[in-house]
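Here's the structure, in structure tokens; my notes come after.
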Amino acid sequence: MTAGATSGIGAGAPRPARWPGRIRFLRLGPLSVRIDIVATTVTVLLVIATAAIAVVSLGVSTTSSPNLGFAETLQVLTGQIGGAPADRVAHALPAVLTAVLGGISLALSGAIFQTMTRNPLGSPDIIGFTTGANTGALIAMLVFGFGSGGATIGSLIGCLVTGMAVYLLGMRGGTGNYRFIIVGIGISAMLVSFNGYLIANANQQNAAVAAAWGMGNLRNITMADTIPVWITLAVLIPAMVTFAPRMRMFELGPDSAQSKGVDTERTQLILLVIGVGFAAATTSIAGPIAFVALVAPQLAARLTPSAGIPLVTSAAVGAALLVSSDAIARTLLAPTTQLPVGVVTTALGGAYLLFLLLAQSRKARP
Amino acid sequence: MTATDPVAGDRPAETAARLTGSGLRVGYGQRTIIADLDVLIPDGSFTVIVGPNACGKSTLLRALSRLLAPEHGDVLLDGRSVRDFKGKEFARELGLLPQQSIAPEGITVIDLVSRGRFPYQKMFQQWTDDDQRAVARALDVTRLTDLSTRPVEALSGGQRQRVWIAMALAQETPILLLDEPTTYLDLAHQLEVLSLCADLNAQGTTLVAVLHDLNQAARFASHMIAMRSGEILATGSPAEILTEGLVERVFGVRSRVVPDPETGTPMVVPLAVDPVSLGDLPGDTANLRAGEPE
């Protein structure tokens with residue numbers, strides 16, 4: 001076994017290498033983009049499904065009056081029908097729109113943290129970020145006596161502060177270890193008890209409002225309320241697109257990522273800010289809607305199925321999940337009452353978590 | 001036969017070396033692993049680093065590949081501090097195969113190998129003819145072409161290690177560092193990986209590998225670095241430096257060194273009776289504190 005005995009390197013052209021059939025490269029002049037046909041198809045189907053559910057959701061009745069039909073709702077949306085049906089659609093529109101945007105941003109937040117931690121539990125609702133947003137909102141509402149506008153700012157600050165705290169305490173050795181997640185879970189638990197303390201100390205009326213907000217709620221949102229979410233997405237999505245290739249390299253662990261030329265420390269910090277921003281955008285207007293960030297990326301990875309977490313598909317799954325959950329929440333107990341959307345996502349998420357734990361313990365068994 | 005050439009040791013004192021380190025102090029937080037170390041990687045060499053566990057071999061490799069910033073001293077590539085290189089620029093010059101690698105579940109062989117092309121890719125230039133050619137070559141050399149669409153976790157341990165090497169090859173760097181590339185492999189796969197390395201080296205790639213098997217190191221290395229407790233005790237060709245005295249000083253093992261009957265390179269045979277010199281066991285670097293007697 002000596003050098004040269006098996007030499008063949010560099011001798012002539014190598015044998016051509018084959019990609020799986022689902023991977024294609026689109027080329028236009030010097031530009032080339034990689035396309036996964038299966039993931040793209042799944043994503044398109046999800047977008048169509050989400051749009052259809054959104055239209056149905058806009059037409060459903062939350063009172064004893066009959067639902068608007070699918071065609072009827074479409075006619076309202078295109079301006080062909082006015083009057084009472086149009087009023088009802090206009091009333092439901094901010095919630096449905098927030099569900100779409102919120103689903104996208106929560107799913108992307110989850111996708112970022114799950115990729116960076118290489119752990120399906122690394123999600124903003126598990127590692128304390130949304131709980132921190134809730135704390136910020138509660139402090140604004142109950143301690144400082146600001147209204148719901150204060151809750152928006154408070155939750156934004158709460159989310160960012162919690163994100164920084166988890167980062168500083170848990171980041172030693174990079175995001176790719178359990179420390180980050182365990183620190184997050186610990187901080188989350190402490191914040192939950194602090195939130196409980198704040199509510200217990202508040203007067204009954206404020207406490208009821210705060211508790212309803214703390215479930216994650218899309219009711220009473222106006223179009224004006226959605227503006228911060230639009231702005232945040234307009235800034236964060238281009239940033240996400242820019243950093244996505246670098247984030248992909250973290251799937252191989254930070255050492256490999258760095259040895260392939262990724263500035264890992266800077267990239268980690270920027271992705272943390274982007275991920276917290278995505279989580280905060282939705283939480284600030286709708287409260288901490290649980291489990292969408294946790295479930296959507298994992299569901300997207302299984303639906304496609306792909307190695308790592310597909311970003312665009314995650315966003316589509318997130319939108320589909322939250323739009324459906326919102327429709328269920330509004331109609332399940334109607335006309336008696338409308339549930340906060342967080343109740344539905346928590347129920348769905350709990351079932352998913354159970355499935356995840358069972359699947360992992362089955363895998364761990366010899 | 002570069003790997004076994006007996007005159008390879010008769011190098012002139014001033015060896016051309018693109019990659020050097022001087023006055024290096026490297027560690028993790030409070031724990032100093034390497035206190036003060038100078039190192040030089042001769043161009044075109046197959047350098048093998050040997051030494052007992054926890055002697056700082058991997059730490060040195062991490063410092064050379066700038067995964068760890070030295071607290072003192074500097075690593076230079078072409079006379080320029082490695083810290084001054086842009087990430088992708090450095091990754092086009094020097095590649096590293098870490099000791100443990102992670103792959104996302106379900107990733108295919110070609111997808112993983114293509115990640116080695118990251119230093120060459122741009123936002124809207126995600127796959128060029130150069131990328132395809134480099135990946136095809138890396139797969140061909142590691143005999144993985146027919147397995148390209150398989151999921152990595154479906155492969156055997158030896159095949160999987162070849163995938164990681166292929167990823168490093170796709171990076172097409174003139175210098176490649178390998179941290180224990182043969183650990184956890186059976187003998188046949190160890191030899192396969194090493195002869196692949198020797199082929200790469202013969203094609204002009206400067207290689208630095210951490211190896212545990214001294215006799216394999218002696219066969220394949222053109223240049224050897226023997227480390228203990230964060231210090232370099234000897235450097236040179238295996239024929240020059242691999243002596244009974246060095247083996248005892250580095251590993252605390254008494255041995256005889258005889259010519260390898262196949263290649264003539266030094267072969268270490270531990271003594272049958274009382275081979276471990278207990279009084280002179282190499283110090284664990286965990287106990288090494290710079291400037292503080294143990």
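Each chain in the structure tokens gets a letter, A, B, ..., in the order shown, and its residues are numbered from 1; ligands are numbered from 1 in order too.
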How would you write, as a compact mmCIF listing (two decimals) with all heavy atoms, in the first residue's frame, the set of residues in stretch 197-270 of chain A that DSSP gives as helix (DSSP H, G or I)?
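File written: states29.txt
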```txt
# COMPACT_ATOMS: atom_id res chain seq x y z
N TYR A 197 -47.35 35.70 38.33
CA TYR A 197 -47.30 36.64 39.45
C TYR A 197 -47.90 37.98 39.05
O TYR A 197 -48.70 38.58 39.78
CB TYR A 197 -45.85 36.80 39.90
CG TYR A 197 -45.57 38.00 40.77
CD1 TYR A 197 -45.85 37.97 42.13
CD2 TYR A 197 -45.04 39.16 40.22
CE1 TYR A 197 -45.61 39.08 42.92
CE2 TYR A 197 -44.79 40.26 41.00
CZ TYR A 197 -45.08 40.22 42.35
OH TYR A 197 -44.83 41.32 43.14
N LEU A 198 -47.54 38.47 37.84
CA LEU A 198 -48.04 39.76 37.37
C LEU A 198 -49.56 39.73 37.26
O LEU A 198 -50.24 40.68 37.67
CB LEU A 198 -47.42 40.10 36.01
CG LEU A 198 -45.96 40.54 36.00
CD1 LEU A 198 -45.47 40.71 34.57
CD2 LEU A 198 -45.78 41.84 36.78
N ILE A 199 -50.09 38.63 36.72
CA ILE A 199 -51.54 38.55 36.54
C ILE A 199 -52.24 38.44 37.89
O ILE A 199 -53.28 39.07 38.13
CB ILE A 199 -51.90 37.35 35.61
CG1 ILE A 199 -51.43 37.67 34.18
CG2 ILE A 199 -53.39 37.07 35.63
CD1 ILE A 199 -51.72 36.61 33.18
N ALA A 200 -51.65 37.67 38.81
CA ALA A 200 -52.26 37.50 40.13
C ALA A 200 -52.34 38.83 40.88
O ALA A 200 -53.27 39.07 41.66
CB ALA A 200 -51.47 36.49 40.94
N ASN A 201 -51.38 39.70 40.64
CA ASN A 201 -51.34 40.98 41.34
C ASN A 201 -52.23 42.05 40.71
O ASN A 201 -52.41 43.11 41.29
CB ASN A 201 -49.89 41.50 41.37
CG ASN A 201 -49.23 41.19 42.69
OD1 ASN A 201 -49.86 40.60 43.57
ND2 ASN A 201 -47.98 41.58 42.84
N GLN A 204 -59.00 42.57 38.57
CA GLN A 204 -59.65 41.49 37.84
C GLN A 204 -59.83 41.81 36.35
O GLN A 204 -59.57 40.97 35.49
CB GLN A 204 -61.00 41.20 38.48
CG GLN A 204 -61.38 39.76 38.36
CD GLN A 204 -62.56 39.43 39.26
OE1 GLN A 204 -63.15 40.31 39.90
NE2 GLN A 204 -62.91 38.19 39.31
N GLN A 205 -60.24 43.04 36.07
CA GLN A 205 -60.53 43.39 34.68
C GLN A 205 -59.26 43.35 33.83
O GLN A 205 -59.23 42.74 32.76
CB GLN A 205 -61.17 44.77 34.63
CG GLN A 205 -61.86 45.06 33.30
CD GLN A 205 -62.23 46.53 33.19
OE1 GLN A 205 -62.25 47.25 34.18
NE2 GLN A 205 -62.51 46.96 31.99
N ASN A 206 -58.21 44.00 34.34
CA ASN A 206 -56.94 43.99 33.60
C ASN A 206 -56.40 42.58 33.45
O ASN A 206 -55.86 42.21 32.40
CB ASN A 206 -55.90 44.84 34.34
CG ASN A 206 -56.16 46.32 34.15
OD1 ASN A 206 -56.96 46.70 33.29
ND2 ASN A 206 -55.51 47.14 34.96
N ALA A 207 -56.54 41.80 34.51
CA ALA A 207 -56.02 40.44 34.48
C ALA A 207 -56.71 39.62 33.40
O ALA A 207 -56.07 38.84 32.68
CB ALA A 207 -56.19 39.77 35.84
N ALA A 208 -58.02 39.83 33.24
CA ALA A 208 -58.76 39.08 32.23
C ALA A 208 -58.26 39.45 30.83
O ALA A 208 -58.02 38.57 29.99
CB ALA A 208 -60.25 39.36 32.36
N VAL A 209 -58.06 40.76 30.58
CA VAL A 209 -57.54 41.20 29.28
C VAL A 209 -56.16 40.62 29.03
O VAL A 209 -55.86 40.07 27.96
CB VAL A 209 -57.48 42.75 29.23
CG1 VAL A 209 -56.79 43.22 27.96
CG2 VAL A 209 -58.89 43.33 29.31
N ALA A 210 -55.31 40.71 30.07
CA ALA A 210 -53.94 40.23 29.93
C ALA A 210 -53.90 38.73 29.69
O ALA A 210 -53.14 38.23 28.85
CB ALA A 210 -53.13 40.58 31.17
N ALA A 211 -54.76 37.99 30.39
CA ALA A 211 -54.78 36.54 30.23
C ALA A 211 -55.22 36.16 28.83
O ALA A 211 -54.66 35.26 28.20
CB ALA A 211 -55.68 35.91 31.28
N ALA A 212 -56.24 36.88 28.30
CA ALA A 212 -56.72 36.60 26.95
C ALA A 212 -55.60 36.88 25.94
O ALA A 212 -55.37 36.09 25.02
CB ALA A 212 -57.94 37.45 26.64
N TRP A 213 -54.88 37.98 26.13
CA TRP A 213 -53.78 38.32 25.23
C TRP A 213 -52.70 37.23 25.30
O TRP A 213 -52.13 36.83 24.29
CB TRP A 213 -53.20 39.68 25.63
CG TRP A 213 -52.27 40.25 24.62
CD1 TRP A 213 -52.60 41.04 23.58
CD2 TRP A 213 -50.87 40.04 24.56
NE1 TRP A 213 -51.50 41.34 22.85
CE2 TRP A 213 -50.41 40.74 23.43
CE3 TRP A 213 -49.95 39.33 25.32
CZ2 TRP A 213 -49.08 40.76 23.05
CZ3 TRP A 213 -48.62 39.34 24.95
CH2 TRP A 213 -48.20 40.05 23.84
N GLY A 214 -52.47 36.75 26.50
CA GLY A 214 -51.41 35.77 26.71
C GLY A 214 -51.67 34.42 26.07
O GLY A 214 -50.77 33.59 25.98
N MET A 215 -52.89 34.19 25.60
CA MET A 215 -53.18 32.93 24.92
C MET A 215 -52.74 32.96 23.46
O MET A 215 -52.63 31.94 22.81
CB MET A 215 -54.69 32.65 24.96
CG MET A 215 -55.24 32.53 26.36
SD MET A 215 -56.01 30.95 26.63
CE MET A 215 -54.67 29.85 26.36
N ALA A 224 -54.77 48.58 10.66
CA ALA A 224 -53.67 49.44 11.10
C ALA A 224 -52.71 48.67 12.01
O ALA A 224 -51.49 48.90 11.96
CB ALA A 224 -54.22 50.66 11.84
N ASP A 225 -53.27 47.72 12.79
CA ASP A 225 -52.42 46.93 13.68
C ASP A 225 -51.42 46.08 12.90
O ASP A 225 -50.35 45.73 13.42
CB ASP A 225 -53.28 45.99 14.54
CG ASP A 225 -54.11 46.75 15.56
OD1 ASP A 225 -53.69 47.85 15.93
OD2 ASP A 225 -55.17 46.23 15.95
N THR A 226 -51.78 45.71 11.67
CA THR A 226 -50.92 44.78 10.94
C THR A 226 -49.71 45.48 10.31
O THR A 226 -48.80 44.80 9.84
CB THR A 226 -51.70 44.07 9.81
OG1 THR A 226 -52.11 45.04 8.85
CG2 THR A 226 -52.91 43.33 10.34
N ILE A 227 -49.73 46.81 10.32
CA ILE A 227 -48.64 47.54 9.63
C ILE A 227 -47.25 47.15 10.15
O ILE A 227 -46.34 46.89 9.35
CB ILE A 227 -48.88 49.07 9.72
CG1 ILE A 227 -50.09 49.43 8.84
CG2 ILE A 227 -47.65 49.85 9.25
CD1 ILE A 227 -50.56 50.86 8.99
N PRO A 228 -47.04 47.08 11.49
CA PRO A 228 -45.69 46.68 11.95
C PRO A 228 -45.25 45.32 11.41
O PRO A 228 -44.06 45.12 11.12
CB PRO A 228 -45.84 46.63 13.48
CG PRO A 228 -47.07 47.38 13.80
CD PRO A 228 -47.94 47.38 12.60
N VAL A 229 -46.22 44.42 11.27
CA VAL A 229 -45.86 43.09 10.76
C VAL A 229 -45.42 43.18 9.30
O VAL A 229 -44.41 42.58 8.90
CB VAL A 229 -47.06 42.12 10.89
CG1 VAL A 229 -46.63 40.71 10.50
CG2 VAL A 229 -47.58 42.12 12.30
N TRP A 230 -46.15 43.94 8.49
CA TRP A 230 -45.75 44.14 7.09
C TRP A 230 -44.33 44.69 7.01
O TRP A 230 -43.50 44.20 6.24
CB TRP A 230 -46.69 45.12 6.38
CG TRP A 230 -48.05 44.58 6.08
CD1 TRP A 230 -49.21 44.92 6.71
CD2 TRP A 230 -48.40 43.61 5.08
NE1 TRP A 230 -50.26 44.22 6.17
CE2 TRP A 230 -49.80 43.41 5.18
CE3 TRP A 230 -47.68 42.89 4.13
CZ2 TRP A 230 -50.48 42.53 4.36
CZ3 TRP A 230 -48.35 42.01 3.31
CH2 TRP A 230 -49.73 41.83 3.42
N ILE A 231 -44.07 45.72 7.83
CA ILE A 231 -42.75 46.37 7.77
C ILE A 231 -41.66 45.38 8.18
O ILE A 231 -40.63 45.25 7.51
CB ILE A 231 -42.73 47.63 8.67
CG1 ILE A 231 -43.71 48.67 8.12
CG2 ILE A 231 -41.32 48.21 8.75
CD1 ILE A 231 -43.90 49.87 9.03
N THR A 232 -41.93 44.67 9.29
CA THR A 232 -40.91 43.73 9.76
C THR A 232 -40.61 42.69 8.70
O THR A 232 -39.45 42.38 8.43
CB THR A 232 -41.39 43.01 11.04
OG1 THR A 232 -42.18 43.91 11.80
CG2 THR A 232 -40.24 42.52 11.86
N LEU A 233 -41.68 42.15 8.07
CA LEU A 233 -41.44 41.13 7.05
C LEU A 233 -40.70 41.71 5.86
O LEU A 233 -39.82 41.04 5.28
CB LEU A 233 -42.77 40.50 6.60
CG LEU A 233 -43.49 39.62 7.63
CD1 LEU A 233 -44.64 38.88 6.99
CD2 LEU A 233 -42.52 38.62 8.25
N ALA A 234 -41.02 42.94 5.49
CA ALA A 234 -40.37 43.56 4.33
C ALA A 234 -38.87 43.72 4.57
O ALA A 234 -38.07 43.66 3.64
CB ALA A 234 -41.00 44.92 4.04
N VAL A 235 -38.48 43.91 5.83
CA VAL A 235 -37.05 44.05 6.15
C VAL A 235 -36.40 42.67 6.33
O VAL A 235 -35.31 42.39 5.82
CB VAL A 235 -36.87 44.89 7.44
CG1 VAL A 235 -35.40 44.91 7.86
CG2 VAL A 235 -37.39 46.30 7.22
N LEU A 236 -37.10 41.80 7.07
CA LEU A 236 -36.47 40.55 7.49
C LEU A 236 -36.39 39.50 6.38
O LEU A 236 -35.46 38.70 6.35
CB LEU A 236 -37.20 39.96 8.71
CG LEU A 236 -37.07 40.76 10.00
CD1 LEU A 236 -37.76 40.04 11.14
CD2 LEU A 236 -35.60 41.00 10.34
N ILE A 237 -37.38 39.48 5.48
CA ILE A 237 -37.35 38.43 4.46
C ILE A 237 -36.15 38.60 3.51
O ILE A 237 -35.45 37.62 3.24
CB ILE A 237 -38.71 38.33 3.73
CG1 ILE A 237 -39.70 37.64 4.68
CG2 ILE A 237 -38.60 37.53 2.43
CD1 ILE A 237 -41.10 37.47 4.16
N PRO A 238 -35.86 39.82 3.01
CA PRO A 238 -34.63 39.95 2.21
C PRO A 238 -33.37 39.57 3.00
O PRO A 238 -32.46 38.93 2.45
CB PRO A 238 -34.60 41.44 1.84
CG PRO A 238 -36.01 41.88 1.94
CD PRO A 238 -36.64 41.06 3.03
N ALA A 239 -33.34 39.93 4.29
CA ALA A 239 -32.19 39.56 5.12
C ALA A 239 -32.08 38.04 5.22
O ALA A 239 -30.99 37.46 5.12
CB ALA A 239 -32.33 40.17 6.52
N MET A 240 -33.22 37.41 5.38
CA MET A 240 -33.27 35.94 5.46
C MET A 240 -32.73 35.30 4.17
O MET A 240 -31.92 34.37 4.22
CB MET A 240 -34.74 35.55 5.68
CG MET A 240 -35.02 34.09 5.80
SD MET A 240 -34.66 33.49 7.44
CE MET A 240 -33.17 32.59 7.15
N VAL A 241 -33.18 35.84 3.03
CA VAL A 241 -32.73 35.31 1.74
C VAL A 241 -31.20 35.43 1.62
O VAL A 241 -30.52 34.52 1.16
CB VAL A 241 -33.43 36.05 0.57
CG1 VAL A 241 -32.81 35.68 -0.77
CG2 VAL A 241 -34.92 35.74 0.58
N THR A 242 -30.68 36.58 2.10
CA THR A 242 -29.24 36.80 2.02
C THR A 242 -28.47 35.80 2.88
O THR A 242 -27.42 35.31 2.48
CB THR A 242 -28.91 38.23 2.51
OG1 THR A 242 -29.76 39.13 1.81
CG2 THR A 242 -27.46 38.58 2.25
N PHE A 243 -29.01 35.50 4.06
CA PHE A 243 -28.25 34.67 4.99
C PHE A 243 -28.59 33.18 4.91
O PHE A 243 -27.95 32.37 5.57
CB PHE A 243 -28.43 35.19 6.43
CG PHE A 243 -27.52 36.34 6.72
CD1 PHE A 243 -27.89 37.64 6.44
CD2 PHE A 243 -26.26 36.11 7.23
CE1 PHE A 243 -27.03 38.70 6.67
CE2 PHE A 243 -25.39 37.16 7.47
CZ PHE A 243 -25.78 38.46 7.19
N ALA A 244 -29.60 32.84 4.10
CA ALA A 244 -30.02 31.44 4.04
C ALA A 244 -28.89 30.48 3.63
O ALA A 244 -28.73 29.43 4.26
CB ALA A 244 -31.22 31.29 3.11
N PRO A 245 -28.07 30.81 2.60
CA PRO A 245 -27.00 29.86 2.24
C PRO A 245 -26.02 29.63 3.39
O PRO A 245 -25.58 28.51 3.62
CB PRO A 245 -26.30 30.53 1.06
CG PRO A 245 -27.28 31.49 0.50
CD PRO A 245 -28.11 31.96 1.68
N ARG A 246 -25.70 30.70 4.14
CA ARG A 246 -24.79 30.55 5.27
C ARG A 246 -25.45 29.71 6.37
O ARG A 246 -24.80 28.89 7.01
CB ARG A 246 -24.45 31.94 5.83
CG ARG A 246 -23.18 32.48 5.21
CD ARG A 246 -23.01 33.94 5.53
NE ARG A 246 -23.65 34.76 4.50
CZ ARG A 246 -23.46 36.05 4.36
NH1 ARG A 246 -22.69 36.69 5.19
NH2 ARG A 246 -24.05 36.71 3.39
N MET A 247 -26.75 29.93 6.56
CA MET A 247 -27.45 29.17 7.59
C MET A 247 -27.44 27.68 7.25
O MET A 247 -27.26 26.84 8.12
CB MET A 247 -28.89 29.67 7.70
CG MET A 247 -29.64 29.07 8.87
SD MET A 247 -31.34 29.66 8.94
CE MET A 247 -32.14 28.49 7.87
N ARG A 248 -27.61 27.36 5.97
CA ARG A 248 -27.59 25.97 5.52
C ARG A 248 -26.32 25.26 5.99
O ARG A 248 -26.33 24.08 6.33
CB ARG A 248 -27.64 25.90 3.99
CG ARG A 248 -28.99 26.12 3.42
CD ARG A 248 -29.71 24.81 3.19
NE ARG A 248 -31.14 25.02 3.14
CZ ARG A 248 -31.95 24.98 4.19
NH1 ARG A 248 -31.48 24.69 5.38
NH2 ARG A 248 -33.23 25.19 4.07
N MET A 249 -25.20 25.99 5.97
CA MET A 249 -23.92 25.37 6.32
C MET A 249 -23.86 24.98 7.79
O MET A 249 -23.09 24.11 8.17
CB MET A 249 -22.76 26.30 5.97
CG MET A 249 -22.63 26.60 4.49
SD MET A 249 -22.49 25.12 3.46
CE MET A 249 -20.80 24.64 3.78
N PHE A 250 -24.70 25.60 8.62
CA PHE A 250 -24.74 25.23 10.04
C PHE A 250 -25.32 23.83 10.24
O PHE A 250 -25.16 23.24 11.30
CB PHE A 250 -25.56 26.24 10.85
CG PHE A 250 -24.76 27.45 11.25
CD1 PHE A 250 -24.71 28.56 10.43
CD2 PHE A 250 -24.04 27.46 12.44
CE1 PHE A 250 -23.97 29.66 10.79
CE2 PHE A 250 -23.30 28.57 12.80
CZ PHE A 250 -23.25 29.68 11.97
N GLU A 251 -26.00 23.30 9.22
CA GLU A 251 -26.50 21.93 9.31
C GLU A 251 -25.35 20.94 9.48
O GLU A 251 -25.55 19.83 9.94
CB GLU A 251 -27.30 21.57 8.04
CG GLU A 251 -28.58 22.34 7.91
CD GLU A 251 -29.23 22.17 6.55
OE1 GLU A 251 -28.62 21.53 5.66
OE2 GLU A 251 -30.33 22.66 6.37
N LEU A 252 -24.15 21.33 9.07
CA LEU A 252 -22.98 20.46 9.17
C LEU A 252 -22.21 20.71 10.47
O LEU A 252 -21.12 20.18 10.66
CB LEU A 252 -22.04 20.68 7.99
CG LEU A 252 -22.67 20.65 6.60
CD1 LEU A 252 -21.61 20.89 5.53
CD2 LEU A 252 -23.37 19.34 6.34
N PRO A 254 -20.96 23.89 13.44
CA PRO A 254 -20.24 25.15 13.30
C PRO A 254 -18.80 25.00 12.79
O PRO A 254 -18.33 25.86 12.06
CB PRO A 254 -20.28 25.74 14.72
CG PRO A 254 -20.75 24.65 15.61
CD PRO A 254 -21.47 23.65 14.80
N ASP A 255 -18.12 23.92 13.17
CA ASP A 255 -16.73 23.74 12.71
C ASP A 255 -16.68 23.61 11.19
O ASP A 255 -15.88 24.27 10.52
CB ASP A 255 -16.10 22.50 13.34
CG ASP A 255 -15.64 22.74 14.76
OD1 ASP A 255 -15.83 23.88 15.25
OD2 ASP A 255 -15.12 21.82 15.38
N SER A 256 -17.53 22.74 10.65
CA SER A 256 -17.55 22.57 9.20
C SER A 256 -17.96 23.87 8.52
O SER A 256 -17.37 24.26 7.52
CB SER A 256 -18.53 21.46 8.80
OG SER A 256 -17.92 20.21 8.89
N ALA A 257 -18.97 24.53 9.09
CA ALA A 257 -19.43 25.78 8.49
C ALA A 257 -18.29 26.78 8.41
O ALA A 257 -18.04 27.39 7.36
CB ALA A 257 -20.59 26.36 9.31
N GLN A 258 -17.54 26.90 9.51
CA GLN A 258 -16.46 27.87 9.51
C GLN A 258 -15.34 27.47 8.55
O GLN A 258 -14.77 28.31 7.86
CB GLN A 258 -15.90 28.06 10.92
CG GLN A 258 -15.07 29.32 11.03
CD GLN A 258 -14.62 29.61 12.44
OE1 GLN A 258 -15.21 29.14 13.39
NE2 GLN A 258 -13.57 30.39 12.56
N SER A 259 -15.05 26.18 8.50
CA SER A 259 -13.95 25.76 7.62
C SER A 259 -14.35 25.86 6.14
O SER A 259 -13.50 25.75 5.27
CB SER A 259 -13.49 24.35 7.96
OG SER A 259 -14.45 23.41 7.56
N THR A 264 -18.86 32.30 11.38
CA THR A 264 -19.93 31.69 12.18
C THR A 264 -20.43 32.59 13.31
O THR A 264 -21.63 32.65 13.54
CB THR A 264 -19.47 30.34 12.78
OG1 THR A 264 -18.18 30.51 13.33
CG2 THR A 264 -19.43 29.26 11.74
N GLU A 265 -19.54 33.29 13.99
CA GLU A 265 -20.00 34.08 15.13
C GLU A 265 -20.92 35.21 14.69
O GLU A 265 -21.99 35.42 15.25
CB GLU A 265 -18.81 34.65 15.91
CG GLU A 265 -18.27 33.64 16.90
CD GLU A 265 -17.13 34.19 17.73
OE1 GLU A 265 -17.09 35.42 17.93
OE2 GLU A 265 -16.29 33.40 18.17
N ARG A 266 -20.49 35.91 13.65
CA ARG A 266 -21.29 37.03 13.15
C ARG A 266 -22.62 36.51 12.59
O ARG A 266 -23.68 37.06 12.86
CB ARG A 266 -20.48 37.75 12.07
CG ARG A 266 -21.12 39.03 11.61
CD ARG A 266 -20.17 39.83 10.72
NE ARG A 266 -20.91 40.44 9.64
CZ ARG A 266 -20.95 39.97 8.42
NH1 ARG A 266 -20.28 38.89 8.10
NH2 ARG A 266 -21.64 40.57 7.49
N THR A 267 -22.53 35.41 11.81
CA THR A 267 -23.73 34.87 11.19
C THR A 267 -24.73 34.42 12.25
O THR A 267 -25.93 34.65 12.13
CB THR A 267 -23.35 33.69 10.28
OG1 THR A 267 -22.36 34.14 9.36
CG2 THR A 267 -24.55 33.19 9.50
N GLN A 268 -24.22 33.78 13.33
CA GLN A 268 -25.11 33.34 14.40
C GLN A 268 -25.85 34.52 15.02
O GLN A 268 -27.05 34.45 15.25
CB GLN A 268 -24.28 32.66 15.50
CG GLN A 268 -24.22 31.17 15.35
CD GLN A 268 -23.36 30.48 16.39
OE1 GLN A 268 -23.39 29.29 16.49
NE2 GLN A 268 -22.60 31.21 17.16
N LEU A 269 -25.12 35.59 15.27
CA LEU A 269 -25.73 36.75 15.91
C LEU A 269 -26.78 37.38 15.00
O LEU A 269 -27.89 37.70 15.44
CB LEU A 269 -24.63 37.77 16.26
CG LEU A 269 -25.07 38.92 17.16
CD1 LEU A 269 -25.61 38.39 18.48
CD2 LEU A 269 -23.90 39.86 17.42
N ILE A 270 -26.45 37.51 13.71
CA ILE A 270 -27.41 38.12 12.77
C ILE A 270 -28.65 37.24 12.63
O ILE A 270 -29.79 37.74 12.65
CB ILE A 270 -26.73 38.36 11.41
CG1 ILE A 270 -25.68 39.46 11.55
CG2 ILE A 270 -27.76 38.73 10.35
CD1 ILE A 270 -24.82 39.66 10.34
```
Q. Neighbours of A:Val161 within 12 Å (only C-alpha atoms; same-chain residues fewer than 3 positions away dropped), as a ChimeraX atom specification?
A. /A:128-136,154-158,164-168,187,272-273,276-277,280
What's around B:Asp129 at 12 Å? Count only C-alpha atoms, leave out sequence neighbours fewer than 6 positions away in its own chain, and write the answer as an mmCIF file with N, CA and C atoms, in the first residue's frame.
```
data_model
loop_
_atom_site.group_PDB
_atom_site.id
_atom_site.type_symbol
_atom_site.label_atom_id
_atom_site.label_comp_id
_atom_site.auth_asym_id
_atom_site.auth_seq_id
_atom_site.Cartn_x
_atom_site.Cartn_y
_atom_site.Cartn_z
ATOM 1 N N PRO A 16 -18.984 11.355 -14.882
ATOM 2 C CA PRO A 16 -20.003 12.357 -14.552
ATOM 3 C C PRO A 16 -20.768 11.970 -13.288
ATOM 4 N N ALA A 17 -21.107 12.980 -12.481
ATOM 5 C CA ALA A 17 -21.809 12.733 -11.227
ATOM 6 C C ALA A 17 -23.292 13.029 -11.400
ATOM 7 N N PHE A 25 -31.092 22.457 -11.881
ATOM 8 C CA PHE A 25 -30.426 23.753 -11.832
ATOM 9 C C PHE A 25 -30.943 24.609 -12.968
ATOM 10 N N ARG A 27 -30.589 27.740 -15.240
ATOM 11 C CA ARG A 27 -29.502 28.633 -15.625
ATOM 12 C C ARG A 27 -29.998 29.704 -16.559
ATOM 13 N N PRO A 30 -24.992 33.821 -16.755
ATOM 14 C CA PRO A 30 -24.073 33.436 -15.669
ATOM 15 C C PRO A 30 -24.814 33.030 -14.393
ATOM 16 N N LEU A 31 -26.120 33.264 -14.357
ATOM 17 C CA LEU A 31 -26.861 32.985 -13.141
ATOM 18 C C LEU A 31 -27.312 31.529 -13.106
ATOM 19 N N SER A 32 -27.300 30.972 -11.919
ATOM 20 C CA SER A 32 -27.815 29.618 -11.767
ATOM 21 C C SER A 32 -28.463 29.484 -10.402
ATOM 22 N N ARG B 117 -18.437 23.128 -1.976
ATOM 23 C CA ARG B 117 -18.271 24.197 -2.960
ATOM 24 C C ARG B 117 -18.702 25.557 -2.426
ATOM 25 N N TYR B 120 -17.024 28.901 -3.172
ATOM 26 C CA TYR B 120 -16.999 29.388 -4.558
ATOM 27 C C TYR B 120 -18.359 29.924 -5.003
ATOM 28 N N GLN B 121 -19.380 29.749 -4.145
ATOM 29 C CA GLN B 121 -20.730 30.053 -4.602
ATOM 30 C C GLN B 121 -21.161 31.461 -4.237
ATOM 31 N N VAL B 135 -17.145 18.447 -8.038
ATOM 32 C CA VAL B 135 -17.869 17.431 -7.283
ATOM 33 C C VAL B 135 -17.740 16.073 -7.978
ATOM 34 N N ALA B 136 -17.843 16.073 -9.307
ATOM 35 C CA ALA B 136 -17.699 14.815 -10.048
ATOM 36 C C ALA B 136 -16.319 14.215 -9.794
#
```
